[in-house]
file data.cif (mmCIF, C-alpha atoms)
data_protein
#
loop_
_atom_site.label_atom_id
_atom_site.label_comp_id
_atom_site.auth_asym_id
_atom_site.auth_seq_id
_atom_site.Cartn_x
_atom_site.Cartn_y
_atom_site.Cartn_z
CA MET A 1 -3.49 -54.82 55.33
CA ILE A 2 -0.16 -53.15 56.12
CA LYS A 3 1.00 -53.80 59.67
CA LEU A 4 2.56 -50.93 61.59
CA GLY A 5 4.97 -51.19 64.50
CA VAL A 6 4.93 -47.90 66.41
CA MET A 7 7.88 -47.11 68.67
CA CYS A 8 7.54 -44.40 71.34
CA SER A 9 9.36 -43.06 74.38
CA GLY A 10 6.77 -40.89 76.08
CA ARG A 11 3.31 -39.44 75.83
CA GLY A 12 2.49 -41.05 72.52
CA SER A 13 0.43 -38.18 71.16
CA ASP A 14 1.59 -38.94 67.61
CA LEU A 15 0.65 -42.58 68.25
CA GLN A 16 -2.80 -41.39 69.27
CA SER A 17 -3.18 -39.46 66.01
CA ILE A 18 -2.48 -42.69 64.10
CA ILE A 19 -4.88 -44.71 66.26
CA ASP A 20 -7.55 -42.05 65.64
CA ALA A 21 -6.91 -41.89 61.89
CA ILE A 22 -7.41 -45.66 61.65
CA ALA A 23 -10.54 -45.53 63.84
CA ASP A 24 -11.95 -42.71 61.70
CA GLY A 25 -11.37 -44.66 58.49
CA LYS A 26 -8.79 -42.15 57.24
CA LEU A 27 -5.97 -44.69 57.26
CA GLU A 28 -6.32 -48.31 56.23
CA ALA A 29 -3.63 -50.00 58.27
CA GLN A 30 -3.30 -52.03 61.41
CA ILE A 31 -1.09 -51.22 64.36
CA ALA A 32 0.29 -54.66 65.11
CA LEU A 33 2.49 -53.56 67.98
CA VAL A 34 3.46 -50.58 70.12
CA LEU A 35 6.98 -50.71 71.57
CA THR A 36 8.58 -48.37 74.07
CA ASP A 37 12.09 -48.14 75.46
CA LYS A 38 10.81 -47.10 78.91
CA PRO A 39 8.26 -48.63 81.25
CA ASN A 40 5.15 -46.85 82.51
CA VAL A 41 4.90 -44.31 79.70
CA MET A 42 1.60 -43.01 78.48
CA ALA A 43 2.10 -44.49 75.01
CA LEU A 44 1.64 -47.96 76.53
CA GLU A 45 -1.60 -46.85 78.17
CA ARG A 46 -2.91 -45.43 74.94
CA ALA A 47 -2.16 -48.68 73.12
CA GLU A 48 -3.75 -50.72 75.89
CA ARG A 49 -6.86 -48.56 75.83
CA ALA A 50 -7.12 -49.08 72.04
CA GLY A 51 -6.68 -52.85 72.41
CA ILE A 52 -3.28 -52.85 70.69
CA LYS A 53 -0.53 -55.25 71.66
CA ASN A 54 2.13 -53.27 73.50
CA LEU A 55 5.29 -53.87 75.42
CA CYS A 56 8.33 -52.17 76.78
CA VAL A 57 11.85 -53.23 75.85
CA ASP A 58 13.52 -51.41 78.69
CA ARG A 59 16.78 -49.99 77.37
CA LYS A 60 18.14 -49.78 80.92
CA LEU A 61 17.73 -53.51 81.39
CA CYS A 62 19.62 -54.28 78.16
CA ALA A 63 23.37 -54.88 78.31
CA ASP A 64 24.05 -52.72 75.28
CA GLN A 65 22.54 -51.12 72.18
CA LEU A 66 23.04 -54.33 70.21
CA SER A 67 20.98 -56.49 72.56
CA PHE A 68 18.38 -53.73 72.90
CA GLU A 69 17.93 -53.54 69.14
CA ALA A 70 17.96 -57.34 68.79
CA LYS A 71 15.00 -57.48 71.16
CA LEU A 72 13.17 -54.73 69.27
CA LEU A 73 13.75 -56.52 65.96
CA ASN A 74 12.56 -59.82 67.40
CA GLU A 75 9.32 -58.25 68.55
CA LEU A 76 8.76 -56.41 65.27
CA ARG A 77 9.36 -59.59 63.29
CA ALA A 78 7.17 -61.71 65.56
CA ALA A 79 4.36 -59.21 64.95
CA GLU A 80 5.07 -59.31 61.19
CA VAL A 81 5.48 -55.54 61.06
CA ASP A 82 5.78 -54.08 57.54
CA LEU A 83 6.47 -50.45 58.43
CA VAL A 84 8.17 -49.13 61.56
CA ILE A 85 6.81 -45.80 62.80
CA LEU A 86 8.99 -43.78 65.16
CA ALA A 87 6.65 -41.56 67.14
CA GLY A 88 8.64 -39.65 69.70
CA PHE A 89 11.14 -42.50 70.02
CA MET A 90 14.14 -40.83 71.66
CA ARG A 91 16.83 -43.39 70.81
CA ILE A 92 19.17 -43.32 67.83
CA LEU A 93 18.95 -46.57 65.89
CA SER A 94 22.10 -48.23 64.61
CA PRO A 95 22.81 -48.74 60.89
CA THR A 96 22.16 -52.46 61.47
CA PHE A 97 18.61 -51.76 62.64
CA VAL A 98 18.02 -49.28 59.83
CA ARG A 99 19.22 -51.78 57.21
CA ALA A 100 16.92 -54.47 58.64
CA TYR A 101 13.94 -52.25 57.71
CA LYS A 102 15.54 -50.36 54.83
CA ASP A 103 13.15 -47.71 53.46
CA ARG A 104 10.51 -49.02 55.88
CA ILE A 105 11.14 -46.81 58.91
CA MET A 106 9.45 -43.43 59.21
CA ASN A 107 10.16 -40.71 61.73
CA ILE A 108 8.55 -37.40 62.57
CA HIS A 109 10.76 -34.51 63.60
CA PRO A 110 9.48 -31.23 65.08
CA SER A 111 11.22 -28.82 62.70
CA LEU A 112 11.51 -28.13 59.00
CA LEU A 113 14.51 -30.34 58.28
CA PRO A 114 17.32 -29.95 57.35
CA ALA A 115 17.05 -27.02 59.78
CA PHE A 116 17.25 -27.87 63.48
CA PRO A 117 17.92 -31.61 63.62
CA GLY A 118 18.59 -33.30 66.94
CA ALA A 119 16.79 -33.72 70.22
CA HIS A 120 16.14 -30.05 71.07
CA ALA A 121 14.52 -28.68 67.94
CA HIS A 122 12.11 -26.22 69.54
CA ARG A 123 14.78 -24.81 71.85
CA ASP A 124 17.16 -24.42 68.90
CA VAL A 125 14.43 -22.82 66.77
CA LEU A 126 13.70 -20.24 69.47
CA GLU A 127 17.38 -19.52 70.11
CA TYR A 128 18.03 -18.98 66.41
CA GLY A 129 15.06 -16.68 66.08
CA VAL A 130 13.39 -18.08 62.96
CA LYS A 131 9.85 -16.92 62.27
CA VAL A 132 8.65 -20.15 60.63
CA SER A 133 9.16 -23.63 61.98
CA GLY A 134 7.19 -26.81 61.40
CA CYS A 135 7.51 -30.57 61.26
CA THR A 136 8.87 -33.20 58.92
CA VAL A 137 7.98 -36.83 58.23
CA HIS A 138 10.92 -38.65 56.67
CA PHE A 139 12.27 -42.10 56.02
CA VAL A 140 15.05 -42.99 58.41
CA ASP A 141 18.50 -43.50 56.95
CA GLU A 142 21.76 -44.15 58.75
CA GLY A 143 22.23 -40.49 59.72
CA THR A 144 20.35 -38.42 62.29
CA ASP A 145 17.23 -36.72 60.93
CA SER A 146 18.81 -36.86 57.48
CA GLY A 147 16.64 -39.30 55.50
CA PRO A 148 14.42 -38.64 52.48
CA ILE A 149 11.57 -36.24 53.30
CA ILE A 150 7.99 -37.40 52.76
CA MET A 151 5.88 -34.50 54.05
CA GLN A 152 6.43 -31.21 55.83
CA ALA A 153 4.13 -28.62 57.36
CA ALA A 154 5.07 -25.04 58.22
CA VAL A 155 4.04 -23.45 61.51
CA PRO A 156 4.54 -19.80 62.51
CA VAL A 157 6.75 -18.93 65.46
CA LEU A 158 4.96 -16.19 67.38
CA GLU A 159 6.30 -13.38 69.56
CA GLY A 160 6.44 -14.59 73.13
CA ASP A 161 6.57 -18.28 72.22
CA ASP A 162 8.33 -20.61 74.61
CA GLU A 163 9.20 -24.24 73.90
CA GLU A 164 5.86 -25.40 75.25
CA SER A 165 3.64 -23.08 73.23
CA LEU A 166 5.63 -23.70 70.06
CA ALA A 167 5.61 -27.47 70.60
CA ALA A 168 1.83 -27.44 71.04
CA ARG A 169 1.32 -25.53 67.78
CA VAL A 170 3.70 -27.83 65.87
CA LEU A 171 2.08 -30.93 67.40
CA GLU A 172 -1.26 -30.03 65.82
CA GLN A 173 0.39 -30.28 62.41
CA GLU A 174 2.28 -33.45 63.36
CA HIS A 175 -1.05 -35.09 64.06
CA ILE A 176 -2.23 -34.20 60.57
CA ILE A 177 0.82 -35.04 58.48
CA TYR A 178 1.98 -38.25 60.15
CA PRO A 179 -1.20 -40.22 59.43
CA ALA A 180 -1.30 -38.61 55.96
CA ALA A 181 2.27 -39.69 55.20
CA ILE A 182 1.60 -43.25 56.40
CA ARG A 183 -1.46 -43.29 54.18
CA LEU A 184 0.66 -42.39 51.15
CA TYR A 185 2.94 -45.32 52.00
CA VAL A 186 0.00 -47.70 52.43
CA GLU A 187 -1.40 -46.59 49.09
CA GLY A 188 1.95 -47.29 47.42
CA ARG A 189 2.38 -43.66 46.42
CA LEU A 190 5.88 -43.04 47.79
CA ASN A 191 8.82 -43.56 45.44
CA ILE A 192 12.26 -43.06 46.95
CA LYS A 193 14.70 -41.80 44.32
CA GLY A 194 18.12 -41.19 45.79
CA ARG A 195 17.54 -38.86 48.68
CA LYS A 196 14.17 -37.63 47.42
CA VAL A 197 10.67 -38.95 47.84
CA CYS A 198 8.37 -38.56 44.84
CA ILE A 199 4.66 -38.76 45.58
CA VAL A 200 2.91 -40.47 42.67
CA MET B 1 10.70 10.06 56.03
CA ILE B 2 13.14 7.12 56.07
CA LYS B 3 15.38 7.03 53.02
CA LEU B 4 16.07 3.68 51.42
CA GLY B 5 19.06 2.77 49.29
CA VAL B 6 18.19 -0.32 47.24
CA MET B 7 21.06 -2.39 45.83
CA CYS B 8 20.39 -4.86 42.99
CA SER B 9 22.22 -7.01 40.49
CA GLY B 10 19.53 -8.05 38.05
CA ARG B 11 15.87 -7.88 37.22
CA GLY B 12 14.90 -5.90 40.29
CA SER B 13 11.56 -7.59 40.87
CA ASP B 14 11.92 -7.17 44.64
CA LEU B 15 12.79 -3.50 43.99
CA GLN B 16 9.57 -3.22 42.00
CA SER B 17 7.55 -4.64 44.92
CA ILE B 18 8.97 -1.88 47.13
CA ILE B 19 8.31 0.82 44.53
CA ASP B 20 4.73 -0.46 44.25
CA ALA B 21 4.19 -0.66 48.01
CA ILE B 22 5.24 2.99 48.33
CA ALA B 23 3.06 4.04 45.38
CA ASP B 24 0.08 2.19 46.88
CA GLY B 25 0.50 3.91 50.25
CA LYS B 26 1.40 0.64 51.99
CA LEU B 27 4.89 1.76 52.88
CA GLU B 28 5.81 5.25 54.01
CA ALA B 29 9.40 5.58 52.89
CA GLN B 30 11.38 7.12 50.09
CA ILE B 31 13.76 5.27 47.80
CA ALA B 32 16.59 7.80 47.65
CA LEU B 33 18.83 5.73 45.44
CA VAL B 34 19.03 2.50 43.45
CA LEU B 35 22.54 1.10 43.03
CA THR B 36 23.66 -1.84 40.91
CA ASP B 37 26.99 -3.59 40.52
CA LYS B 38 26.40 -4.19 36.80
CA PRO B 39 25.45 -1.88 33.95
CA ASN B 40 22.34 -2.31 31.79
CA VAL B 41 20.31 -4.34 34.26
CA MET B 42 16.56 -4.09 34.45
CA ALA B 43 16.67 -2.75 38.02
CA LEU B 44 18.12 0.50 36.65
CA GLU B 45 15.29 0.75 34.12
CA ARG B 46 12.67 0.16 36.79
CA ALA B 47 14.18 2.93 38.94
CA GLU B 48 14.39 5.27 35.96
CA ARG B 49 10.77 4.60 35.06
CA ALA B 50 9.72 5.38 38.66
CA GLY B 51 11.75 8.60 38.68
CA ILE B 52 14.25 7.31 41.23
CA LYS B 53 17.91 8.30 41.18
CA ASN B 54 19.90 5.31 40.01
CA LEU B 55 23.42 4.43 39.07
CA CYS B 56 25.74 1.56 38.48
CA VAL B 57 28.97 1.12 40.41
CA ASP B 58 30.46 -1.40 38.02
CA ARG B 59 32.36 -3.94 40.08
CA LYS B 60 34.41 -4.89 37.04
CA LEU B 61 35.72 -1.35 36.69
CA CYS B 62 36.83 -1.25 40.34
CA ALA B 63 40.36 -2.26 41.27
CA ASP B 64 39.23 -4.33 44.23
CA GLN B 65 36.40 -4.98 46.71
CA LEU B 66 37.63 -2.15 48.93
CA SER B 67 37.36 0.51 46.24
CA PHE B 68 34.05 -0.94 45.04
CA GLU B 69 32.56 -0.69 48.51
CA ALA B 70 34.05 2.75 49.10
CA LYS B 71 32.19 3.97 46.02
CA LEU B 72 28.95 2.33 47.16
CA LEU B 73 29.29 3.90 50.61
CA ASN B 74 30.01 7.31 49.10
CA GLU B 75 26.86 7.15 47.03
CA LEU B 76 24.71 5.90 49.91
CA ARG B 77 26.01 8.67 52.18
CA ALA B 78 25.61 11.34 49.53
CA ALA B 79 21.96 10.25 49.19
CA GLU B 80 21.59 10.28 53.00
CA VAL B 81 20.36 6.69 53.00
CA ASP B 82 19.08 5.45 56.38
CA LEU B 83 18.42 1.82 55.49
CA VAL B 84 20.20 -0.27 52.86
CA ILE B 85 17.98 -2.81 51.09
CA LEU B 86 19.69 -5.67 49.28
CA ALA B 87 17.28 -6.85 46.61
CA GLY B 88 18.93 -9.57 44.59
CA PHE B 89 22.36 -8.02 45.13
CA MET B 90 24.73 -10.85 44.27
CA ARG B 91 27.90 -9.58 45.97
CA ILE B 92 29.08 -10.44 49.46
CA LEU B 93 29.70 -7.27 51.48
CA SER B 94 32.78 -6.99 53.67
CA PRO B 95 32.58 -6.59 57.45
CA THR B 96 33.71 -2.99 56.94
CA PHE B 97 30.66 -2.23 54.82
CA VAL B 98 28.36 -4.08 57.21
CA ARG B 99 29.71 -2.15 60.19
CA ALA B 100 29.20 1.15 58.36
CA TYR B 101 25.46 0.43 58.32
CA LYS B 102 25.28 -1.78 61.40
CA ASP B 103 21.74 -3.13 61.89
CA ARG B 104 20.65 -0.99 58.94
CA ILE B 105 21.11 -3.44 56.06
CA MET B 106 18.33 -5.84 55.10
CA ASN B 107 18.52 -8.75 52.70
CA ILE B 108 15.98 -11.16 51.26
CA HIS B 109 17.00 -14.75 50.70
CA PRO B 110 14.93 -17.29 48.73
CA SER B 111 14.81 -20.06 51.34
CA LEU B 112 13.77 -20.58 54.94
CA LEU B 113 17.09 -19.76 56.58
CA PRO B 114 19.11 -21.23 58.21
CA ALA B 115 18.34 -23.93 55.61
CA PHE B 116 19.87 -23.46 52.17
CA PRO B 117 22.03 -20.34 52.45
CA GLY B 118 24.22 -19.29 49.54
CA ALA B 119 23.73 -18.35 45.93
CA HIS B 120 21.86 -21.46 44.71
CA ALA B 121 19.04 -21.85 47.20
CA HIS B 122 16.37 -23.20 44.84
CA ARG B 123 18.73 -25.72 43.27
CA ASP B 124 19.84 -26.88 46.73
CA VAL B 125 16.22 -27.10 47.94
CA LEU B 126 15.26 -29.30 44.99
CA GLU B 127 18.33 -31.50 45.34
CA TYR B 128 17.68 -32.04 49.04
CA GLY B 129 14.05 -32.90 48.41
CA VAL B 130 12.33 -30.74 51.03
CA LYS B 131 8.58 -30.29 50.66
CA VAL B 132 8.42 -26.78 52.12
CA SER B 133 10.68 -23.88 51.16
CA GLY B 134 10.11 -20.15 51.37
CA CYS B 135 11.90 -16.87 51.82
CA THR B 136 13.53 -14.89 54.61
CA VAL B 137 14.06 -11.17 55.24
CA HIS B 138 16.95 -10.65 57.64
CA PHE B 139 19.36 -8.03 58.85
CA VAL B 140 22.80 -8.49 57.36
CA ASP B 141 25.61 -9.37 59.73
CA GLU B 142 29.21 -10.24 58.95
CA GLY B 143 28.38 -13.81 57.91
CA THR B 144 26.59 -15.07 54.80
CA ASP B 145 22.80 -15.23 55.16
CA SER B 146 23.29 -15.56 58.92
CA GLY B 147 21.88 -12.34 60.36
CA PRO B 148 18.84 -11.85 62.63
CA ILE B 149 15.60 -12.91 60.92
CA ILE B 150 12.81 -10.35 60.54
CA MET B 151 10.14 -12.18 58.55
CA GLN B 152 9.74 -15.52 56.77
CA ALA B 153 7.10 -17.01 54.53
CA ALA B 154 6.67 -20.70 53.75
CA VAL B 155 6.02 -21.92 50.21
CA PRO B 156 5.22 -25.51 49.16
CA VAL B 157 7.59 -27.37 46.87
CA LEU B 158 5.42 -29.24 44.39
CA GLU B 159 6.01 -32.49 42.49
CA GLY B 160 7.61 -31.66 39.16
CA ASP B 161 8.99 -28.30 40.30
CA ASP B 162 12.13 -27.04 38.62
CA GLU B 163 14.19 -24.05 39.75
CA GLU B 164 12.14 -21.71 37.62
CA SER B 165 8.70 -22.79 38.82
CA LEU B 166 9.82 -22.85 42.46
CA ALA B 167 11.51 -19.45 42.15
CA ALA B 168 8.33 -17.95 40.70
CA ARG B 169 6.23 -19.27 43.58
CA VAL B 170 8.71 -18.05 46.18
CA LEU B 171 9.00 -14.66 44.47
CA GLU B 172 5.29 -14.02 45.03
CA GLN B 173 5.91 -14.26 48.76
CA GLU B 174 9.11 -12.21 48.57
CA HIS B 175 7.09 -9.39 47.09
CA ILE B 176 4.75 -9.51 50.07
CA ILE B 177 7.16 -9.88 52.97
CA TYR B 178 9.96 -7.53 51.87
CA PRO B 179 7.79 -4.39 51.81
CA ALA B 180 6.11 -5.61 55.02
CA ALA B 181 9.45 -6.06 56.80
CA ILE B 182 10.65 -2.62 55.67
CA ARG B 183 7.40 -1.17 56.96
CA LEU B 184 8.06 -2.70 60.41
CA TYR B 185 11.48 -1.02 60.38
CA VAL B 186 10.02 2.33 59.32
CA GLU B 187 7.43 2.09 62.08
CA GLY B 188 10.18 1.46 64.65
CA ARG B 189 8.80 -1.97 65.50
CA LEU B 190 11.97 -4.05 65.08
CA ASN B 191 14.11 -4.64 68.18
CA ILE B 192 17.30 -6.61 67.62
CA LYS B 193 18.21 -8.60 70.73
CA GLY B 194 21.33 -10.66 70.21
CA ARG B 195 20.61 -12.71 67.12
CA LYS B 196 16.85 -12.37 67.35
CA VAL B 197 14.45 -9.76 66.09
CA CYS B 198 11.48 -8.98 68.31
CA ILE B 199 8.53 -7.30 66.62
CA VAL B 200 6.93 -4.85 69.04
#
call {"tool": "encode", "arguments": {"input": "data.cif", "output": "structure tokens"}}
result
Amino acid sequence: MIKLGVMCSGRGSDLQSIIDAIADGKLEAQIALVLTDKPNVMALERAERAGIKNLCVDRKLCADQLSFEAKLLNELRAAEVDLVILAGFMRILSPTFVRAYKDRIMNIHPSLLPAFPGAHAHRDVLEYGVKVSGCTVHFVDEGTDSGPIIMQAAVPVLEGDDEESLAARVLEQEHIIYPAAIRLYVEGRLNIKGRKVCIV
Amino acid sequence: MIKLGVMCSGRGSDLQSIIDAIADGKLEAQIALVLTDKPNVMALERAERAGIKNLCVDRKLCADQLSFEAKLLNELRAAEVDLVILAGFMRILSPTFVRAYKDRIMNIHPSLLPAFPGAHAHRDVLEYGVKVSGCTVHFVDEGTDSGPIIMQAAVPVLEGDDEESLAARVLEQEHIIYPAAIRLYVEGRLNIKGRKVCIV
């Protein structure tokens, strides 16, 4: 059974969608560990409630990025994690971290990449005035939101949308495609060729 | 009745979708003129067959961009065109031309802008490896494929797609949203606010 390490910074709603997919038999995997970079976030509660090992590696208590990532890597290795799942994890990971789990880190981003990368996707989408947005599951490479794309879902932007209403609509699709993308990985159906992911 | 001037460079399949929408009573407008920048292209035939005034302003017979655009503008004005429709018109228009029909030039682009602007959208989409592409109807501003977005439609990129198969799938949506976007204009429902288009 593939072991997942899920890293979150906040509510953990994407984490919940993975917990639910496993509980519902839609995803054959085990969440070995939930890690957060902040204490007292809801993601930890969700993990606790589901009986999943969870802990916070508080970034603010780490001397620097290097020691922060060293602690994360130690925990992931101790839990024998095969695939790292970033689920609303709001820290950029260094090339060293990315290389340690090369082609084994997934992220979900709330836009149709390569459009609107970065930490304020919904705001940027609304300011630009696009009529279609969406979400993207991708492997993490050494750039920001630039890695090979696994799945995407389109979501309409509606008249009168604000960041909150758009985020809620996109989140519904995130909760569908993230477990589905992890399932493809678990089933060995993802082939990375250069910067593209072929689904076999 | 709003008079359209449709400018094409090739097959004119988007032109045909507009001709058909008018014939089917789905769009109340009149195509006053079809202009091309090349002789002997199918767009001219389609216009001829539909009884629409058409002519080629051959770019290669014009001394420079300025004289080319002056001829285009003369023809559009002589035909009393209200709204200029770029339908596979493969020339960049100068700021002078754009200002002459400020907020009255529409273009369709075969990607979900702002992703994949430029003349090789499908190739760029496939090279990047996105899983969702689409098409965009936008007002033309002084940049390239950068103007306020009116409508977009998402289209899946499928395993094994090449430029031709993807283009065909996107074209189906182009033929739906271009007449629909023109209809919104004709009905007075498009409000440009800064770089955004509100549909009222």
call {"tool": "residues_near_point", "arguments": {"input": "data.cif", "point": "(31.7, -6.2, 60.5)", "cutoff": "12 Å", "atoms": "only C-alpha atoms", "output": "list in words"}}
result
Leu93, Ser94, Pro95, Thr96, Phe97, Val98, Arg99, Ala100, Tyr101, Lys102, Asp103, Ile105, Val140, Asp141, Glu142, Gly143, Thr144 and Gly147 of chain B
call {"tool": "residues_around", "arguments": {"input": "data.cif", "residues": "B:Arg104", "least_positions_apart": "2", "cutoff": "12 Å", "atoms": "all atoms listed in the file", "output": "PyMOL selection string"}}
result
chain B and resi 2-6+81-86+97-102+106-107+138-141+147-148+182+185-186+190-192
call {"tool": "interface_residues", "arguments": {"input": "data.cif", "of": "chain B", "to": "chain A", "cutoff": "7 Å", "atoms": "all atoms listed in the file", "output": "PyMOL selection string"}}
result
chain B and resi 114-115+128-132+149+151-152+154+159+195-198
call {"tool": "resolve_selection", "arguments": {"input": "data.cif", "expression": "the PyMOL selection byres ((chain B and resi 180) around 10)", "output": "compact mmCIF listing (two decimals) with C-alpha atoms, in the coordinates of the input"}}
result
# COMPACT_ATOMS: atom_id res chain seq x y z
CA ILE B 18 8.97 -1.88 47.13
CA ALA B 21 4.19 -0.66 48.01
CA LYS B 26 1.40 0.64 51.99
CA LEU B 27 4.89 1.76 52.88
CA VAL B 137 14.06 -11.17 55.24
CA ILE B 150 12.81 -10.35 60.54
CA MET B 151 10.14 -12.18 58.55
CA GLU B 174 9.11 -12.21 48.57
CA HIS B 175 7.09 -9.39 47.09
CA ILE B 176 4.75 -9.51 50.07
CA ILE B 177 7.16 -9.88 52.97
CA TYR B 178 9.96 -7.53 51.87
CA PRO B 179 7.79 -4.39 51.81
CA ALA B 181 9.45 -6.06 56.80
CA ILE B 182 10.65 -2.62 55.67
CA ARG B 183 7.40 -1.17 56.96
CA LEU B 184 8.06 -2.70 60.41
CA TYR B 185 11.48 -1.02 60.38
CA VAL B 186 10.02 2.33 59.32
call {"tool": "atom_distance", "arguments": {"input": "data.cif", "atom1": "atom CA of B:Val34", "atom2": "atom CA of B:Leu66"}}
result
19.9 Å
call {"tool": "atom_distance", "arguments": {"input": "data.cif", "atom1": "atom CA of B:Ser17", "atom2": "atom CA of B:Ala43"}}
result
11.6 Å
call {"tool": "closest_residue", "arguments": {"input": "data.cif", "among": "B:Pro110, B:Gly51, B:Pro117, B:Gly25", "to": "B:Glu163", "atoms": "only C-alpha atoms"}}
result
B:Pro110
call {"tool": "atom_distance", "arguments": {"input": "data.cif", "atom1": "atom CA of A:Gln65", "atom2": "atom CA of A:Met42"}}
result
23.3 Å
call {"tool": "residues_around", "arguments": {"input": "data.cif", "residues": "B:Arg91", "least_positions_apart": "5", "cutoff": "10 Å", "atoms": "all atoms listed in the file", "output": "ChimeraX atom specification"}}
result
/B:7-9,37,59,65,86,119
call {"tool": "resolve_selection", "arguments": {"input": "data.cif", "expression": "the PyMOL selection byres ((chain A and resi 56-58) around 7)", "output": "PyMOL selection string"}}
result
chain A and resi 35-39+55+59-62+72
call {"tool": "closest_residue", "arguments": {"input": "data.cif", "among": "A:Asp145, A:Ser67, A:Gly118, A:Ala32", "to": "A:Ala79", "atoms": "only C-alpha atoms"}}
result
A:Ala32
call {"tool": "closest_residue", "arguments": {"input": "data.cif", "among": "A:Gln16, A:Arg169, A:Glu75, A:Ala29", "to": "A:Glu48", "atoms": "all atoms listed in the file"}}
result
A:Gln16
